[in-house]
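Asks: My questions all concern the structure below.
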Amino acid sequence: MGAPRLKSRKDSQQAVRFTANARWKITPGGDLSLPKIGEVRVKWSRVLTSAPSTVTVIKDAAGKHFASFIVVIEVGRSTLRAFCVGPGRS
């Protein structure tokens, strides 16, 4: 075994996805601990609203790496109604 292979189906952007079963975690210091890779330092652009279930690490054509997280957010019914558009809706 070794490091996971980055895969791409459509373009030069390669990605590897880790689900919750892969036992990855965010360390107390804010780093990302990935299986077979180890700890990766992360420059956070925003605070996560809840615990993420999946992380996708993306390598673009320029060789830069990005991490994308899937999180569950709670949306109230009143928030959804404010954005409804159509006949007879106000």
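Letters A, B, ... go to the chains of the structure tokens in the order shown; residues in each chain start at 1; ligands are counted from 1 in the same order.
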For Asn21 in chain A, find every residue with an atom within 12 Å (counting only C-alpha atoms), except residues of its own chain fewer than 5 positions away, and show them as a list in words.

Replies: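 Residues meeting the cut-off are Leu34, Pro35, Ser53, Thr54 and Val55 of chain A.
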
Asks: Give me the residues near Gly63 in chain A as an NGL selection string, where near means some atom within 10 Å (using only C-alpha atoms) and where sequence neighbours in that chain fewer than 4 positions away do not count.

Replies: :A and (13-14 or 58-59)

Asks: Can you write out the residues you just picked, keeping N, CA and C atoms, as a PDB file, in the first residue's frame?

Replies:
```
ATOM      1  N   GLN A  13      -8.198  18.079 -13.082  1.00  0.00           N
ATOM      2  CA  GLN A  13      -8.359  18.240 -11.644  1.00  0.00           C
ATOM      3  C   GLN A  13      -8.513  16.857 -11.014  1.00  0.00           C
ATOM      4  N   GLN A  14      -7.575  16.487 -10.158  1.00  0.00           N
ATOM      5  CA  GLN A  14      -7.583  15.174  -9.541  1.00  0.00           C
ATOM      6  C   GLN A  14      -8.088  15.286  -8.113  1.00  0.00           C
ATOM      7  N   ILE A  58      -8.527  17.926  -3.319  1.00  0.00           N
ATOM      8  CA  ILE A  58      -8.479  18.194  -4.751  1.00  0.00           C
ATOM      9  C   ILE A  58      -7.123  18.777  -5.108  1.00  0.00           C
ATOM     10  N   LYS A  59      -6.533  18.280  -6.193  1.00  0.00           N
ATOM     11  CA  LYS A  59      -5.291  18.829  -6.729  1.00  0.00           C
ATOM     12  C   LYS A  59      -5.610  19.387  -8.106  1.00  0.00           C
TER      13      LYS A  59
END
```

Asks: Would you tabulate, counting only C-alpha atoms, all residues of range 38-72 of chain A that have an atom at most 10 Å from an atom of range 23-28 of chain A, showing the closest pair of atoms and their distance in Å to one decimal, sorted by chain then ascending number, as a tab-separated table?

Replies:
```
residue	atom	partner	partner_atom	distance
A:Gly38	CA	A:Trp24	CA	9.4
A:Glu39	CA	A:Thr27	CA	8.4
A:Val40	CA	A:Ile26	CA	9.6
A:Arg41	CA	A:Thr27	CA	10.0
A:Val42	CA	A:Ile26	CA	9.7
A:Ala51	CA	A:Ile26	CA	9.4
A:Pro52	CA	A:Lys25	CA	9.1
A:Ser53	CA	A:Trp24	CA	9.6
A:Thr54	CA	A:Trp24	CA	8.8
A:Val55	CA	A:Trp24	CA	8.4
```

Asks: Could you write those residues out with N, CA, C and O atoms, as a PDB file, in the first residue's frame?

Replies:
```pdb
ATOM      1  N   GLY A  38      -1.224  11.112   6.590  1.00  0.00           N
ATOM      2  CA  GLY A  38      -0.743  11.705   7.833  1.00  0.00           C
ATOM      3  C   GLY A  38      -1.403  13.048   8.073  1.00  0.00           C
ATOM      4  O   GLY A  38      -2.453  13.356   7.518  1.00  0.00           O
ATOM      5  N   GLU A  39      -0.755  13.857   8.892  1.00  0.00           N
ATOM      6  CA  GLU A  39      -1.306  15.171   9.213  1.00  0.00           C
ATOM      7  C   GLU A  39      -0.954  16.179   8.133  1.00  0.00           C
ATOM      8  O   GLU A  39       0.177  16.246   7.677  1.00  0.00           O
ATOM      9  N   VAL A  40      -1.959  16.939   7.744  1.00  0.00           N
ATOM     10  CA  VAL A  40      -1.810  17.957   6.709  1.00  0.00           C
ATOM     11  C   VAL A  40      -2.206  19.296   7.308  1.00  0.00           C
ATOM     12  O   VAL A  40      -3.274  19.425   7.900  1.00  0.00           O
ATOM     13  N   ARG A  41      -1.349  20.272   7.170  1.00  0.00           N
ATOM     14  CA  ARG A  41      -1.659  21.614   7.665  1.00  0.00           C
ATOM     15  C   ARG A  41      -2.704  22.250   6.763  1.00  0.00           C
ATOM     16  O   ARG A  41      -2.603  22.188   5.548  1.00  0.00           O
ATOM     17  N   VAL A  42      -3.703  22.866   7.370  1.00  0.00           N
ATOM     18  CA  VAL A  42      -4.826  23.443   6.622  1.00  0.00           C
ATOM     19  C   VAL A  42      -4.911  24.930   6.891  1.00  0.00           C
ATOM     20  O   VAL A  42      -4.785  25.374   8.028  1.00  0.00           O
ATOM     21  N   ALA A  51     -19.996  19.022  12.449  1.00  0.00           N
ATOM     22  CA  ALA A  51     -18.957  18.023  12.195  1.00  0.00           C
ATOM     23  C   ALA A  51     -19.081  17.516  10.755  1.00  0.00           C
ATOM     24  O   ALA A  51     -20.158  17.103  10.329  1.00  0.00           O
ATOM     25  N   PRO A  52     -18.001  17.559   9.977  1.00  0.00           N
ATOM     26  CA  PRO A  52     -18.069  17.103   8.595  1.00  0.00           C
ATOM     27  C   PRO A  52     -18.162  15.581   8.491  1.00  0.00           C
ATOM     28  O   PRO A  52     -17.627  14.858   9.321  1.00  0.00           O
ATOM     29  N   SER A  53     -18.852  15.091   7.460  1.00  0.00           N
ATOM     30  CA  SER A  53     -18.982  13.654   7.259  1.00  0.00           C
ATOM     31  C   SER A  53     -18.011  13.142   6.205  1.00  0.00           C
ATOM     32  O   SER A  53     -17.643  11.976   6.223  1.00  0.00           O
ATOM     33  N   THR A  54     -17.607  13.991   5.275  1.00  0.00           N
ATOM     34  CA  THR A  54     -16.728  13.597   4.184  1.00  0.00           C
ATOM     35  C   THR A  54     -15.766  14.735   3.876  1.00  0.00           C
ATOM     36  O   THR A  54     -16.134  15.898   3.960  1.00  0.00           O
ATOM     37  N   VAL A  55     -14.533  14.380   3.512  1.00  0.00           N
ATOM     38  CA  VAL A  55     -13.571  15.367   3.042  1.00  0.00           C
ATOM     39  C   VAL A  55     -13.062  14.917   1.682  1.00  0.00           C
ATOM     40  O   VAL A  55     -12.797  13.739   1.459  1.00  0.00           O
TER      41      VAL A  55
END
```

Asks: So, counting only C-alpha atoms, which residue among A:Thr49, A:Lys43, A:Ala62, A:Arg17 is closest to Val75 in chain A?

Replies: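 Ranking A:Thr49, A:Lys43, A:Ala62, A:Arg17 by distance to Val75 in chain A, first place goes to A:Thr49.
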
Asks: Please list as a list in words every residue within 6 Å of Val57 in chain A, counting only C-alpha atoms and excluding residues in the same chain fewer than 2 positions away.

Replies: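 What passes the distance filter is Ala15, Val16, Phe66 and Ala67 of chain A.
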
Asks: Grab the CA of Ala22 in chain A to CA of Glu74 in chain A distance for me, in Å with one decimal place.

Replies: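 Those two atoms sit 25.0 Å apart.
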
Asks: DSSP on the backbone: what in range 1-63 of chain A comes out strand (DSSP E or B), as a PyMOL selection string?

Replies: chain A and resi 7+14-18+25-26+32-34+38-40+54-59
